[in-house]
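Peer 1: What follows is final_0.pdb, PDB, C-alpha atoms.
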```pdb
ATOM      1  CA  MET A   1     -18.021 -24.028  17.687
ATOM      2  CA  LYS A   2     -15.497 -21.358  18.434
ATOM      3  CA  ALA A   3     -11.947 -20.867  17.330
ATOM      4  CA  ARG A   4      -9.291 -18.372  18.155
ATOM      5  CA  VAL A   5      -6.754 -17.134  15.672
ATOM      6  CA  PHE A   6      -3.530 -15.682  17.068
ATOM      7  CA  ILE A   7      -1.691 -13.435  14.649
ATOM      8  CA  THR A   8       1.909 -12.539  15.375
ATOM      9  CA  LEU A   9       4.626 -10.755  13.468
ATOM     10  CA  LYS A  10       7.226 -13.072  11.983
ATOM     11  CA  ASN A  11      10.584 -13.248  13.699
ATOM     12  CA  GLY A  12      12.888 -10.545  12.473
ATOM     13  CA  VAL A  13      10.057  -8.203  11.455
ATOM     14  CA  LEU A  14      10.453  -4.944  13.374
ATOM     15  CA  ASP A  15       7.542  -4.369  15.768
ATOM     16  CA  PRO A  16       7.393  -0.645  16.590
ATOM     17  CA  GLN A  17       4.255  -1.166  18.684
ATOM     18  CA  GLY A  18       5.941  -3.829  20.802
ATOM     19  CA  LYS A  19       8.930  -1.533  21.243
ATOM     20  CA  ALA A  20       6.700   1.337  22.421
ATOM     21  CA  ILE A  21       4.947  -0.957  24.924
ATOM     22  CA  HIS A  22       8.322  -2.169  26.139
ATOM     23  CA  HIS A  23       9.458   1.397  26.615
ATOM     24  CA  ALA A  24       6.264   2.296  28.523
ATOM     25  CA  LEU A  25       6.619  -0.725  30.821
ATOM     26  CA  ASP A  26      10.160   0.359  31.502
ATOM     27  CA  GLY A  27       8.900   3.869  32.289
ATOM     28  CA  LEU A  28       6.462   2.425  34.837
ATOM     29  CA  GLY A  29       9.358   0.800  36.618
ATOM     30  CA  PHE A  30       8.816  -2.781  35.415
ATOM     31  CA  LYS A  31      12.382  -3.962  35.051
ATOM     32  CA  GLY A  32      13.476  -7.272  33.609
ATOM     33  CA  VAL A  33      11.243  -7.227  30.511
ATOM     34  CA  ASN A  34      13.544  -8.518  27.800
ATOM     35  CA  ASP A  35      11.317  -7.944  24.776
ATOM     36  CA  VAL A  36       7.685  -7.227  23.836
ATOM     37  CA  ARG A  37       5.919  -8.314  20.658
ATOM     38  CA  ALA A  38       2.334  -7.208  19.993
ATOM     39  CA  GLY A  39      -0.103  -9.294  17.970
ATOM     40  CA  LYS A  40      -3.812  -9.807  17.396
ATOM     41  CA  LEU A  41      -6.390 -12.231  18.678
ATOM     42  CA  ILE A  42      -9.425 -12.879  16.487
ATOM     43  CA  GLU A  43     -12.298 -14.965  17.878
ATOM     44  CA  LEU A  44     -14.474 -16.771  15.372
ATOM     45  CA  ASP A  45     -17.886 -18.244  16.075
ATOM     46  CA  LEU A  46     -18.232 -20.934  13.409
ATOM     47  CA  ALA A  47     -20.827 -23.332  12.110
ATOM     48  CA  ASP A  48     -20.313 -26.862  13.415
ATOM     49  CA  GLY A  49     -18.280 -28.890  11.002
ATOM     50  CA  THR A  50     -16.063 -26.023   9.839
ATOM     51  CA  SER A  51     -12.817 -27.771   9.014
ATOM     52  CA  ASP A  52      -9.295 -26.805   9.984
ATOM     53  CA  SER A  53      -8.518 -26.181   6.358
ATOM     54  CA  ASP A  54     -11.474 -23.763   6.097
ATOM     55  CA  ILE A  55     -10.058 -21.755   8.986
ATOM     56  CA  GLU A  56      -6.569 -21.862   7.498
ATOM     57  CA  ASP A  57      -8.047 -20.552   4.268
ATOM     58  CA  MET A  58      -9.605 -17.634   6.149
ATOM     59  CA  CYS A  59      -6.226 -16.872   7.702
ATOM     60  CA  ARG A  60      -4.338 -17.001   4.408
ATOM     61  CA  LYS A  61      -6.908 -15.042   2.413
ATOM     62  CA  LEU A  62      -7.693 -12.301   4.906
ATOM     63  CA  LEU A  63      -6.956 -12.581   8.594
ATOM     64  CA  ALA A  64      -3.156 -12.665   8.336
ATOM     65  CA  ASN A  65      -0.780 -11.092   5.857
ATOM     66  CA  THR A  66       1.651 -13.963   5.460
ATOM     67  CA  VAL A  67       4.320 -11.643   4.086
ATOM     68  CA  ILE A  68       4.874 -10.330   7.602
ATOM     69  CA  GLU A  69       2.660 -12.364   9.933
ATOM     70  CA  ASN A  70       2.284 -15.894  11.249
ATOM     71  CA  PHE A  71      -0.993 -17.322  12.484
ATOM     72  CA  ARG A  72      -1.918 -20.036  14.931
ATOM     73  CA  ILE A  73      -5.393 -21.540  15.232
ATOM     74  CA  GLU A  74      -6.820 -22.782  18.510
ATOM     75  CA  ARG A  75     -10.172 -24.579  18.393
ATOM     76  CA  LEU A  76     -12.424 -24.349  21.441
ATOM     77  CA  GLU A  77     -14.578 -27.391  20.672
ATOM     78  CA  HIS A  78     -17.329 -27.030  23.249
ATOM     79  CA  ALA A  79     -17.258 -23.318  23.900
TER      80      ALA A  79
ATOM     81  CA  MET B   1      -6.597   9.005 -21.947
ATOM     82  CA  LYS B   2      -9.612   7.474 -20.256
ATOM     83  CA  SER B   3      -8.952   6.925 -16.580
ATOM     84  CA  ALA B   4     -10.772   5.429 -13.621
ATOM     85  CA  VAL B   5     -10.371   6.268  -9.946
ATOM     86  CA  ILE B   6     -11.431   3.553  -7.514
ATOM     87  CA  VAL B   7     -13.402   4.774  -4.495
ATOM     88  CA  PHE B   8     -13.623   2.808  -1.230
ATOM     89  CA  PRO B   9     -15.495   3.806   1.920
ATOM     90  CA  GLY B  10     -12.872   5.931   3.672
ATOM     91  CA  SER B  11     -10.943   7.003   0.563
ATOM     92  CA  ASN B  12     -10.129  10.697   0.914
ATOM     93  CA  CYS B  13      -7.681  11.500  -1.887
ATOM     94  CA  ASP B  14      -9.970  10.276  -4.647
ATOM     95  CA  ARG B  15     -11.143  13.772  -5.568
ATOM     96  CA  ASP B  16      -7.590  15.195  -5.493
ATOM     97  CA  LEU B  17      -6.530  12.436  -7.861
ATOM     98  CA  ALA B  18      -9.550  13.085 -10.102
ATOM     99  CA  VAL B  19      -8.719  16.812 -10.288
ATOM    100  CA  ALA B  20      -5.065  16.057 -11.081
ATOM    101  CA  LEU B  21      -6.035  13.607 -13.833
ATOM    102  CA  GLU B  22      -8.556  15.980 -15.322
ATOM    103  CA  GLN B  23      -6.021  18.835 -15.359
ATOM    104  CA  VAL B  24      -3.348  16.751 -17.034
ATOM    105  CA  THR B  25      -5.417  14.607 -19.403
ATOM    106  CA  GLY B  26      -8.243  17.056 -20.112
ATOM    107  CA  ARG B  27     -10.785  14.392 -19.299
ATOM    108  CA  LYS B  28     -12.701  13.685 -16.087
ATOM    109  CA  PRO B  29     -11.961  10.202 -14.786
ATOM    110  CA  ASP B  30     -14.741   7.738 -14.060
ATOM    111  CA  MET B  31     -15.171   7.310 -10.319
ATOM    112  CA  VAL B  32     -15.704   3.585  -9.699
ATOM    113  CA  TRP B  33     -17.270   2.438  -6.434
ATOM    114  CA  HIS B  34     -15.669  -0.537  -4.677
ATOM    115  CA  ARG B  35     -18.758  -2.714  -5.060
ATOM    116  CA  GLU B  36     -18.628  -2.636  -8.852
ATOM    117  CA  SER B  37     -17.401  -5.873 -10.344
ATOM    118  CA  ASP B  38     -16.534  -4.338 -13.719
ATOM    119  CA  LEU B  39     -14.574  -1.305 -14.834
ATOM    120  CA  PRO B  40     -15.945   0.987 -17.546
ATOM    121  CA  GLU B  41     -15.076  -0.098 -21.103
ATOM    122  CA  GLY B  42     -11.830   1.066 -22.648
ATOM    123  CA  ILE B  43     -10.050   2.279 -19.523
ATOM    124  CA  ASP B  44      -6.426   3.318 -20.202
ATOM    125  CA  PHE B  45      -5.397   3.992 -16.635
ATOM    126  CA  ILE B  46      -6.543   3.102 -13.104
ATOM    127  CA  GLY B  47      -5.799   5.095  -9.955
ATOM    128  CA  VAL B  48      -6.176   3.611  -6.466
ATOM    129  CA  PRO B  49      -6.253   6.667  -4.192
ATOM    130  CA  GLY B  50      -5.082   7.493  -0.701
ATOM    131  CA  GLY B  51      -7.201   7.595   2.414
ATOM    132  CA  PHE B  52      -8.250   5.212   5.131
ATOM    133  CA  SER B  53     -10.282   2.602   3.305
ATOM    134  CA  TYR B  54     -12.520   0.654   5.701
ATOM    135  CA  GLY B  55     -11.004   2.630   8.569
ATOM    136  CA  ASP B  56      -7.711   0.731   8.189
ATOM    137  CA  TYR B  57      -9.425  -2.142  10.029
ATOM    138  CA  LEU B  58      -7.442  -5.373  10.387
ATOM    139  CA  ARG B  59      -4.502  -3.947   8.363
ATOM    140  CA  SER B  60      -4.271  -0.876   6.132
ATOM    141  CA  GLY B  61      -5.713  -1.802   2.744
ATOM    142  CA  ALA B  62      -6.653  -5.354   3.780
ATOM    143  CA  MET B  63     -10.420  -5.030   3.344
ATOM    144  CA  ALA B  64     -10.223  -2.884   0.219
ATOM    145  CA  ALA B  65      -7.912  -5.421  -1.428
ATOM    146  CA  ARG B  66     -10.683  -8.045  -1.152
ATOM    147  CA  SER B  67     -13.504  -5.846  -2.456
ATOM    148  CA  PRO B  68     -15.247  -6.824  -5.721
ATOM    149  CA  VAL B  69     -13.706  -4.041  -7.833
ATOM    150  CA  MET B  70     -10.178  -5.217  -7.065
ATOM    151  CA  GLN B  71     -10.764  -8.420  -9.025
ATOM    152  CA  ALA B  72     -11.463  -6.242 -12.065
ATOM    153  CA  VAL B  73      -8.376  -4.127 -11.305
ATOM    154  CA  LYS B  74      -6.243  -7.289 -11.128
ATOM    155  CA  GLU B  75      -7.575  -8.474 -14.467
ATOM    156  CA  ALA B  76      -6.918  -5.076 -16.059
ATOM    157  CA  ALA B  77      -3.390  -4.982 -14.600
ATOM    158  CA  GLY B  78      -2.841  -8.460 -16.034
ATOM    159  CA  ARG B  79      -3.780  -7.128 -19.474
ATOM    160  CA  GLY B  80      -1.155  -4.394 -19.082
ATOM    161  CA  VAL B  81      -3.391  -1.451 -18.123
ATOM    162  CA  PRO B  82      -1.281   0.983 -16.040
ATOM    163  CA  VAL B  83      -2.330   1.070 -12.384
ATOM    164  CA  ILE B  84      -1.056   3.489  -9.758
ATOM    165  CA  GLY B  85      -1.627   3.067  -6.031
ATOM    166  CA  ILE B  86      -0.914   6.139  -3.939
ATOM    167  CA  CYS B  87      -0.492   5.925  -0.151
ATOM    168  CA  ASN B  88      -3.466   3.804   0.984
ATOM    169  CA  GLY B  89      -3.656   2.741  -2.668
ATOM    170  CA  PHE B  90      -0.104   1.351  -2.383
ATOM    171  CA  GLN B  91      -1.175  -0.547   0.745
ATOM    172  CA  VAL B  92      -4.196  -1.906  -1.157
ATOM    173  CA  LEU B  93      -2.026  -3.077  -4.079
ATOM    174  CA  THR B  94       0.404  -4.937  -1.784
ATOM    175  CA  GLU B  95      -2.489  -6.521   0.112
ATOM    176  CA  ALA B  96      -4.051  -7.531  -3.216
ATOM    177  CA  GLY B  97      -0.801  -9.216  -4.270
ATOM    178  CA  LEU B  98      -0.271  -6.867  -7.232
ATOM    179  CA  LEU B  99       2.959  -5.634  -5.646
ATOM    180  CA  PRO B 100       5.347  -7.537  -3.349
ATOM    181  CA  GLY B 101       6.058  -6.725   0.296
ATOM    182  CA  ALA B 102       3.984  -4.985   2.944
ATOM    183  CA  LEU B 103       3.558  -1.537   4.464
ATOM    184  CA  MET B 104       3.877  -1.570   8.207
ATOM    185  CA  ARG B 105       3.464   0.983  10.992
ATOM    186  CA  ASN B 106       6.047   3.788  10.723
ATOM    187  CA  ALA B 107       9.157   2.847  12.673
ATOM    188  CA  ARG B 108       8.762   5.744  15.110
ATOM    189  CA  LEU B 109       5.000   5.168  15.393
ATOM    190  CA  SER B 110       4.196   8.756  14.463
ATOM    191  CA  PHE B 111       2.019   9.942  11.594
ATOM    192  CA  VAL B 112       4.366  11.642   9.107
ATOM    193  CA  CYS B 113       2.939  14.582   7.172
ATOM    194  CA  ARG B 114       5.399  16.807   5.281
ATOM    195  CA  PRO B 115       7.072  17.275   1.915
ATOM    196  CA  VAL B 116       9.967  14.838   1.545
ATOM    197  CA  PRO B 117      12.904  14.787  -0.853
ATOM    198  CA  LEU B 118      12.965  11.732  -3.119
ATOM    199  CA  ARG B 119      15.306  10.389  -5.745
ATOM    200  CA  VAL B 120      13.876   9.048  -8.986
ATOM    201  CA  GLU B 121      15.654   5.710  -9.318
ATOM    202  CA  ASN B 122      14.316   4.634 -12.679
ATOM    203  CA  SER B 123      13.022   7.021 -15.323
ATOM    204  CA  GLN B 124      12.391   4.233 -17.817
ATOM    205  CA  SER B 125       8.960   3.268 -16.519
ATOM    206  CA  LEU B 126       5.514   4.247 -17.801
ATOM    207  CA  PHE B 127       5.123   6.504 -14.779
ATOM    208  CA  THR B 128       8.525   8.142 -14.530
ATOM    209  CA  SER B 129       9.436   8.971 -18.122
ATOM    210  CA  ALA B 130       9.127  12.723 -17.502
ATOM    211  CA  TYR B 131      11.842  12.568 -14.822
ATOM    212  CA  GLU B 132      15.584  11.940 -15.105
ATOM    213  CA  THR B 133      17.125   8.940 -13.376
ATOM    214  CA  GLY B 134      18.863  10.227 -10.248
ATOM    215  CA  GLU B 135      16.838  13.438 -10.220
ATOM    216  CA  GLN B 136      15.790  14.795  -6.842
ATOM    217  CA  ILE B 137      12.143  15.779  -6.473
ATOM    218  CA  SER B 138       9.878  16.765  -3.599
ATOM    219  CA  LEU B 139       6.485  15.186  -2.922
ATOM    220  CA  PRO B 140       4.361  15.352   0.230
ATOM    221  CA  VAL B 141       3.760  12.291   2.398
ATOM    222  CA  ALA B 142       0.908  11.833   4.878
ATOM    223  CA  HIS B 143       0.802   8.377   6.397
ATOM    224  CA  HIS B 144       1.016   6.233   9.486
ATOM    225  CA  ASP B 145       1.759   2.923   7.771
ATOM    226  CA  GLY B 146       4.395   3.627   5.158
ATOM    227  CA  ASN B 147       7.210   1.461   6.432
ATOM    228  CA  TYR B 148       7.909  -0.737   3.395
ATOM    229  CA  GLN B 149       9.180  -4.210   4.255
ATOM    230  CA  ALA B 150       9.941  -7.303   2.214
ATOM    231  CA  ASP B 151      12.366 -10.177   2.605
ATOM    232  CA  GLU B 152      15.963  -9.682   1.461
ATOM    233  CA  VAL B 153      15.501 -11.831  -1.651
ATOM    234  CA  THR B 154      12.552  -9.685  -2.772
ATOM    235  CA  LEU B 155      14.410  -6.450  -2.003
ATOM    236  CA  ASP B 156      17.448  -7.614  -3.984
ATOM    237  CA  ARG B 157      15.220  -8.571  -6.892
ATOM    238  CA  LEU B 158      13.452  -5.198  -6.855
ATOM    239  CA  GLU B 159      16.807  -3.405  -6.867
ATOM    240  CA  GLY B 160      18.332  -5.686  -9.502
ATOM    241  CA  GLU B 161      15.389  -5.353 -11.871
ATOM    242  CA  GLY B 162      15.175  -1.559 -11.591
ATOM    243  CA  ARG B 163      11.812  -1.799  -9.872
ATOM    244  CA  VAL B 164      12.567   0.694  -7.125
ATOM    245  CA  ALA B 165      10.980   3.771  -8.714
ATOM    246  CA  PHE B 166      11.448   6.302  -5.894
ATOM    247  CA  ARG B 167      13.651   6.360  -2.802
ATOM    248  CA  TYR B 168      13.510   8.653   0.236
ATOM    249  CA  LEU B 169      16.559  10.846   0.719
ATOM    250  CA  ASP B 170      15.661  11.426   4.405
ATOM    251  CA  GLU B 171      14.650   8.995   7.108
ATOM    252  CA  VAL B 172      10.837   9.080   6.849
ATOM    253  CA  ASN B 173       9.233   5.901   8.137
ATOM    254  CA  GLY B 174      11.806   3.136   8.514
ATOM    255  CA  SER B 175      11.267   1.622   5.060
ATOM    256  CA  ALA B 176      13.711  -1.076   4.013
ATOM    257  CA  ARG B 177      16.401   0.497   1.813
ATOM    258  CA  SER B 178      14.474   3.806   2.000
ATOM    259  CA  ILE B 179      12.026   2.545  -0.613
ATOM    260  CA  ALA B 180       9.210   5.018  -1.346
ATOM    261  CA  GLY B 181       7.742   3.466  -4.503
ATOM    262  CA  ILE B 182       8.032   0.213  -6.467
ATOM    263  CA  LEU B 183       6.968  -1.261  -9.789
ATOM    264  CA  ASN B 184       5.571  -4.714 -10.505
ATOM    265  CA  ASP B 185       7.550  -7.136 -12.672
ATOM    266  CA  SER B 186       5.867  -6.017 -15.906
ATOM    267  CA  GLY B 187       6.305  -2.346 -15.047
ATOM    268  CA  ASN B 188       2.642  -1.380 -15.434
ATOM    269  CA  VAL B 189       1.791  -1.189 -11.730
ATOM    270  CA  LEU B 190       3.324   1.476  -9.490
ATOM    271  CA  GLY B 191       2.768   1.846  -5.762
ATOM    272  CA  LEU B 192       4.156   4.787  -3.811
ATOM    273  CA  MET B 193       3.556   6.380  -0.429
ATOM    274  CA  PRO B 194       4.150  10.041  -1.437
ATOM    275  CA  HIS B 195       1.288  11.979  -3.056
ATOM    276  CA  PRO B 196       2.055  13.207  -6.593
ATOM    277  CA  GLU B 197      -1.574  14.352  -7.001
ATOM    278  CA  ARG B 198      -1.034  16.973  -4.280
ATOM    279  CA  VAL B 199       1.646  18.906  -6.195
ATOM    280  CA  ILE B 200       0.075  19.602  -9.564
ATOM    281  CA  GLU B 201       0.118  23.399  -9.814
ATOM    282  CA  GLU B 202       2.318  26.219  -8.488
ATOM    283  CA  ALA B 203      -0.320  27.150  -5.902
ATOM    284  CA  HIS B 204       0.267  23.719  -4.307
ATOM    285  CA  GLY B 205       3.874  24.682  -3.617
ATOM    286  CA  GLY B 206       5.339  22.627  -6.451
ATOM    287  CA  THR B 207       4.623  20.719  -9.618
ATOM    288  CA  ASP B 208       6.875  17.686  -9.225
ATOM    289  CA  GLY B 209       3.817  15.437  -9.048
ATOM    290  CA  ARG B 210       2.302  16.776 -12.255
ATOM    291  CA  ARG B 211       5.155  15.337 -14.282
ATOM    292  CA  LEU B 212       4.298  11.805 -13.231
ATOM    293  CA  PHE B 213       0.856  12.149 -14.836
ATOM    294  CA  GLU B 214       2.261  14.019 -17.834
ATOM    295  CA  GLY B 215       4.816  11.274 -18.444
ATOM    296  CA  LEU B 216       2.116   8.651 -18.129
ATOM    297  CA  LEU B 217      -0.175  10.485 -20.527
ATOM    298  CA  GLU B 218       2.628  10.720 -23.073
ATOM    299  CA  THR B 219       3.526   7.025 -22.890
ATOM    300  CA  VAL B 220      -0.096   5.859 -22.905
ATOM    301  CA  ALA B 221      -0.964   8.124 -25.847
ATOM    302  CA  ALA B 222       2.146   7.054 -27.788
TER     303      ALA B 222
END
```
Here is the file; what I need is its structure written in the form of C-alpha cells.

Peer 2:
Amino acid sequence: MKARVFITLKNGVLDPQGKAIHHALDGLGFKGVNDVRAGKLIELDLADGTSDSDIEDMCRKLLANTVIENFRIERLEHA
Amino acid sequence: MKSAVIVFPGSNCDRDLAVALEQVTGRKPDMVWHRESDLPEGIDFIGVPGGFSYGDYLRSGAMAARSPVMQAVKEAAGRGVPVIGICNGFQVLTEAGLLPGALMRNARLSFVCRPVPLRVENSQSLFTSAYETGEQISLPVAHHDGNYQADEVTLDRLEGEGRVAFRYLDEVNGSARSIAGILNDSGNVLGLMPHPERVIEEAHGGTDGRRLFEGLLETVAA
C-alpha cells in the first residue's frame, strides 16, 4: 500500500522559496502568476493494514513541523 | 562545571564549543554521540552545537531532534540542567519541542555569514548574567535557516516573560521581531543563532561570546 503526504506551509507563513520561484517565473516571461508556494511531497510504501492514524502519527512526530506546516495524506490503495 | 557536548553526524561546531568550554571552565567536556541514550553522570551543563546535523534533511534539526540522546537531553532539561543550543543546536531544540517556534529559511534565501550587532534583552538569565540588559555586543552568525517564526501569541508571551535573550540590531534573516535567541519558560534552556563559542579570545576578533560561558559558570557554581 502506498500513501502520499503533501506538506505545505501554513497560510500566513512567509515562503521565501516560493517567492524566489515566482520571481524566476516572472523573469522567464510567464506573466499572470499571482502567487507561488513551495511544499514537499513524501511517498510512503507501507505495510498493508497501516491505519490512517498511524500515518497521521508519522506526520505529527516527524514528517511535518506543525508549528509552520500543514499536511495532507492521500492513500493510493492499489498502487 | 562538568559539561557535555552532543555530537550528531554533520555537527561541525562541536569542537569549537568544546574548546570554549574547556578554556572557560578548565575542564574538557564529555563529547556525547547522538546514539547514546544516557548522558554521563553528574552533568551540570549541556551544549547542542552548530553544524548541519543529518545534512539538514527534511528540515534543519528535524532528524537530530528525534535521535536517542535527545530524550536524555529533554529529561535533563526537565530537571533544570542548563542547555544551550547554538545555530543548528537552536534548530534542534525547537524541533525537539524544548523551545517554541521554528527556524525557517532566511528571508532573502542567502546564507548569512558575518559578525552581527545584538542587544542583550535580559541579563537576568543563567546564560546572560555577565552582560548588562540593553548592552550591545557582537557575535558572528553563519546560517541559512535562522529566520525565527512563531505565532503572535507565542511572540507576545516570549516578550512579556522576558524570554527574548538576544535581538538583532540589523536585518539579518527576517526573524520575527528580530529575535536572535530565546529562553524556555523555566529559563534553563537557551537557543540562539549567533555563535558565542567563536569569539572567546582576542585572536578571534572579540570576546563577547566568552562572557556567556563565564556568566553560566558563575551561576552554575554558585

Peer 1: Considering only C-alpha atoms, can you say which of B:Ser186, B:Thr25, B:Ser67, B:Ser53 comes closest to chain A?

Peer 2: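 Looking only at the distances to chain A, the closest residue turns out to be B:Ser67.
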
Peer 1: Quick check on the file I pasted: which residues fall under the ChimeraX specification (/A :<7) & /B? Write them as a list in words.

Peer 2: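 That expression, the ChimeraX specification (/A :<7) & /B, corresponds here to Gly101, Ala102, Ala107, Arg108 and Leu109 of chain B.
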
Peer 1: At a cut-off of 12 Å, using all atoms listed in the file, what residues contact region 27-44 of chain B? Leave out same-chain residues fewer than 3 positions from it and give the result as a PyMOL selection string.

Peer 2: chain B and resi 1-11+14-24+47-49+53-54+63-77+79-84+188+216-217+219-221

Peer 1: Output the selection as a PDB file, in the frame of the given file - C-alpha atoms for each residue.

Peer 2:
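Just written: again-v4.pdb:
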```pdb
ATOM      1  CA  MET B   1      -6.597   9.005 -21.947  1.00  0.00           C
ATOM      2  CA  LYS B   2      -9.612   7.474 -20.256  1.00  0.00           C
ATOM      3  CA  SER B   3      -8.952   6.925 -16.580  1.00  0.00           C
ATOM      4  CA  ALA B   4     -10.772   5.429 -13.621  1.00  0.00           C
ATOM      5  CA  VAL B   5     -10.371   6.268  -9.946  1.00  0.00           C
ATOM      6  CA  ILE B   6     -11.431   3.553  -7.514  1.00  0.00           C
ATOM      7  CA  VAL B   7     -13.402   4.774  -4.495  1.00  0.00           C
ATOM      8  CA  PHE B   8     -13.623   2.808  -1.230  1.00  0.00           C
ATOM      9  CA  PRO B   9     -15.495   3.806   1.920  1.00  0.00           C
ATOM     10  CA  GLY B  10     -12.872   5.931   3.672  1.00  0.00           C
ATOM     11  CA  SER B  11     -10.943   7.003   0.563  1.00  0.00           C
ATOM     12  CA  ASP B  14      -9.970  10.276  -4.647  1.00  0.00           C
ATOM     13  CA  ARG B  15     -11.143  13.772  -5.568  1.00  0.00           C
ATOM     14  CA  ASP B  16      -7.590  15.195  -5.493  1.00  0.00           C
ATOM     15  CA  LEU B  17      -6.530  12.436  -7.861  1.00  0.00           C
ATOM     16  CA  ALA B  18      -9.550  13.085 -10.102  1.00  0.00           C
ATOM     17  CA  VAL B  19      -8.719  16.812 -10.288  1.00  0.00           C
ATOM     18  CA  ALA B  20      -5.065  16.057 -11.081  1.00  0.00           C
ATOM     19  CA  LEU B  21      -6.035  13.607 -13.833  1.00  0.00           C
ATOM     20  CA  GLU B  22      -8.556  15.980 -15.322  1.00  0.00           C
ATOM     21  CA  GLN B  23      -6.021  18.835 -15.359  1.00  0.00           C
ATOM     22  CA  VAL B  24      -3.348  16.751 -17.034  1.00  0.00           C
ATOM     23  CA  GLY B  47      -5.799   5.095  -9.955  1.00  0.00           C
ATOM     24  CA  VAL B  48      -6.176   3.611  -6.466  1.00  0.00           C
ATOM     25  CA  PRO B  49      -6.253   6.667  -4.192  1.00  0.00           C
ATOM     26  CA  SER B  53     -10.282   2.602   3.305  1.00  0.00           C
ATOM     27  CA  TYR B  54     -12.520   0.654   5.701  1.00  0.00           C
ATOM     28  CA  MET B  63     -10.420  -5.030   3.344  1.00  0.00           C
ATOM     29  CA  ALA B  64     -10.223  -2.884   0.219  1.00  0.00           C
ATOM     30  CA  ALA B  65      -7.912  -5.421  -1.428  1.00  0.00           C
ATOM     31  CA  ARG B  66     -10.683  -8.045  -1.152  1.00  0.00           C
ATOM     32  CA  SER B  67     -13.504  -5.846  -2.456  1.00  0.00           C
ATOM     33  CA  PRO B  68     -15.247  -6.824  -5.721  1.00  0.00           C
ATOM     34  CA  VAL B  69     -13.706  -4.041  -7.833  1.00  0.00           C
ATOM     35  CA  MET B  70     -10.178  -5.217  -7.065  1.00  0.00           C
ATOM     36  CA  GLN B  71     -10.764  -8.420  -9.025  1.00  0.00           C
ATOM     37  CA  ALA B  72     -11.463  -6.242 -12.065  1.00  0.00           C
ATOM     38  CA  VAL B  73      -8.376  -4.127 -11.305  1.00  0.00           C
ATOM     39  CA  LYS B  74      -6.243  -7.289 -11.128  1.00  0.00           C
ATOM     40  CA  GLU B  75      -7.575  -8.474 -14.467  1.00  0.00           C
ATOM     41  CA  ALA B  76      -6.918  -5.076 -16.059  1.00  0.00           C
ATOM     42  CA  ALA B  77      -3.390  -4.982 -14.600  1.00  0.00           C
ATOM     43  CA  ARG B  79      -3.780  -7.128 -19.474  1.00  0.00           C
ATOM     44  CA  GLY B  80      -1.155  -4.394 -19.082  1.00  0.00           C
ATOM     45  CA  VAL B  81      -3.391  -1.451 -18.123  1.00  0.00           C
ATOM     46  CA  PRO B  82      -1.281   0.983 -16.040  1.00  0.00           C
ATOM     47  CA  VAL B  83      -2.330   1.070 -12.384  1.00  0.00           C
ATOM     48  CA  ILE B  84      -1.056   3.489  -9.758  1.00  0.00           C
ATOM     49  CA  ASN B 188       2.642  -1.380 -15.434  1.00  0.00           C
ATOM     50  CA  LEU B 216       2.116   8.651 -18.129  1.00  0.00           C
ATOM     51  CA  LEU B 217      -0.175  10.485 -20.527  1.00  0.00           C
ATOM     52  CA  THR B 219       3.526   7.025 -22.890  1.00  0.00           C
ATOM     53  CA  VAL B 220      -0.096   5.859 -22.905  1.00  0.00           C
ATOM     54  CA  ALA B 221      -0.964   8.124 -25.847  1.00  0.00           C
TER      55      ALA B 221
END
```

Peer 1: Could you expand the PyMOL selection byres ((chain B and resi 153-156) around 12) into the explicit residues it covers here, written as a PyMOL selection string?

Peer 2: (chain A and resi 67) or (chain B and resi 99-102+148-152+157-164+175-179+182-185)

Peer 1: Hey, which of A:His22, A:Asp54, A:Asn34, A:Asp48 ends up closest to Glu77 (chain A)? Count all atoms listed in the file.

Peer 2: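 Between A:His22, A:Asp54, A:Asn34, A:Asp48, the residue approaching Glu77 (chain A) most closely is A:Asp48.
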
Peer 1: Residues at most 9 Å from His143 (chain B), counting all atoms listed in the file, excluding those fewer than 3 positions away in the same chain, as a PyMOL selection string?

Peer 2: chain B and resi 51+87-88+106+110-113+146+173+193-194

Peer 1: Could you expand the PyMOL selection byres ((chain B and resi 115) around 8) into the explicit residues it covers here, written as a list in words?

Peer 2: Cys113, Arg114, Val116, Pro117, Ser138, Leu139, Pro140 and Val141 of chain B

Peer 1: By how many Å are CA of Ala142 (chain B) and CA of Tyr168 (chain B) apart?

Peer 2: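 Rounded to one decimal, the two atoms are 13.8 Å apart.
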
Peer 1: Please identify all polymer residues within 10 Å of Gly18 (chain A), counting all atoms listed in the file, omitting same-chain residues fewer than 5 positions from it, and present them as a list of chain:residue names.

Peer 2: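 Residues near the query, excluding close chain neighbours: A:His23, A:Ala24, A:Asp35, A:Val36, A:Arg37, A:Ala38, A:Gly39.
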
Peer 1: Quote the spacing between CA of Val199 (chain B) and CA of Asp145 (chain B) in Å to one decimal place.

Peer 2: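 CA of Val199 (chain B) sits 21.2 Å away from CA of Asp145 (chain B).
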
Peer 1: Can you measure CA of Glu121 (chain B) to CA of His195 (chain B) for me? One decimal in Å is fine.

Peer 2: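 Distance between the two atoms: 16.9 Å.
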
Peer 1: Tell me which of A:Arg60, A:Ile21, A:Gly29, A:Gly49 sits closest to Lys2 (chain A), counting only C-alpha atoms.

Peer 2: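 Checking each candidate against Lys2 (chain A), we get A:Gly49 as the closest.
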
Peer 1: With 3 Å on each side, where is the centre of the axis-aligned box around all listed atoms of region 191-195 of chain B, and how long are its edges in Å to one decimal, as JSON?

Peer 2:
```
{"center_x": 2.7, "center_y": 6.9, "center_z": -3.1, "size_x": 8.9, "size_y": 16.1, "size_z": 11.3}
```
